[in-house]
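A.B. asks: Pasting in a structure now, in structure tokens, and then I'll have a few things to ask.
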Amino acid sequence: MALVASLCLTITPAQADGGGGGTTGGGLVGSSPIPSLAPGPDPLADPQKRAEFLSTCGEKCTVTGGEFVSDPTEGTPERVGEIHDTCAATGSFAYKEEETEGNGLVVSMGLKVPAVMGVEVMPKIDYTQVHTQTTGVTDTVNQDQTYTIYWLDKVPMTQTLKGTWSYEGDSVKAIPAREFTDVEADVTYYAFRKQSRPMTEEEKTERCGNASPS
């Protein structure tokens, strides 16, 4: 799935000293902060130039691994699909596929470095190695409590991901492949959460007719 993603990026001190991935050399190609094959200092040892490069590499870059180094911050939940009532009899219902599509997928990233702040970036993400922290959603929900309202929330979760970006290189521009390690990014993804609450006395009458036990 193509992801519209923006990535909050910071550069560790080790990266500023030239760490976080080797290079084959030298100056910049044109005005873009991309490594050439000419010998000399690594232009991407500079945090600002590295951020500019990562902001423009698009799907030539893949986030190939990493771990979340902060607790998740929850955004405002949004209800997905219909509300399901359980009156006097328990039962079950199944969510539609389109209601749960996107669980755990990264949806936004935004660069922190001032010169490129707000620039949208679209790296690929290897979800076999990058595991967003979701509870998982099954198709079937057991309505095991009477006089209860059930629904599904889509909750934006934001965490800092410290990971590795792999650049595949560009044969046309003669730019070699390389990796950038310890790249920190504030990543937002959706977690889907099953929710329920007891009906009020008024809802028991409105939703269940005369089936209210009170």
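Here's how to read the names in the structure tokens: chain A, B, ... by the order shown, residue numbers from 1 in each chain, ligand numbers from 1 in the order shown.
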Mind checking DSSP for segment 73-131 of chain A and telling me the strand (DSSP E or B) residues as a list in words?

C.D. replies: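 DSSP-assigned strand (DSSP E or B) residues in segment 73-131 of chain A: Thr73, Glu74, Glu78, Arg79, Val80, Gly81, Glu82, Ile83, His84, Asp85, Thr86, Gly91, Ser92, Phe93, Ala94, Val106, Val107, Ser108, Met109, Lys124 and Ile125 of chain A.
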
A.B. asks: Tell me which protein, DNA and RNA residues are within 12 Å of segment 61-71 of chain A, counting only C-alpha atoms, leaving out same-chain ones fewer than 2 positions away, and put them as an NGL selection string.

C.D. replies: :A and (5 or 7 or 53-59 or 73-74 or 106 or 121-133 or 157-170 or 177-188)

A.B. asks: Measure the distance from atom CA of Glu99 of chain A to atom CA of Leu152 of chain A in Å and round it to one decimal.

C.D. replies: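 One can read the atom CA of Glu99 of chain A to atom CA of Leu152 of chain A distance as 8.5 Å.
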
A.B. asks: Work out how far apart atom CA of Arg50 of chain A and atom CA of Val107 of chain A are and give it in Å to one decimal.

C.D. replies: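 About the pair atom CA of Arg50 of chain A and atom CA of Val107 of chain A: they are 22.5 Å apart.
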
A.B. asks: Identify which of the residues A:Ala89, A:Ala174, A:Ile83, A:Ala191 lies closest to Tyr150 of chain A, counting only C-alpha atoms when measuring atom-to-atom distances.

C.D. replies: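 For Tyr150 of chain A, the nearest of the candidates is A:Ile83.
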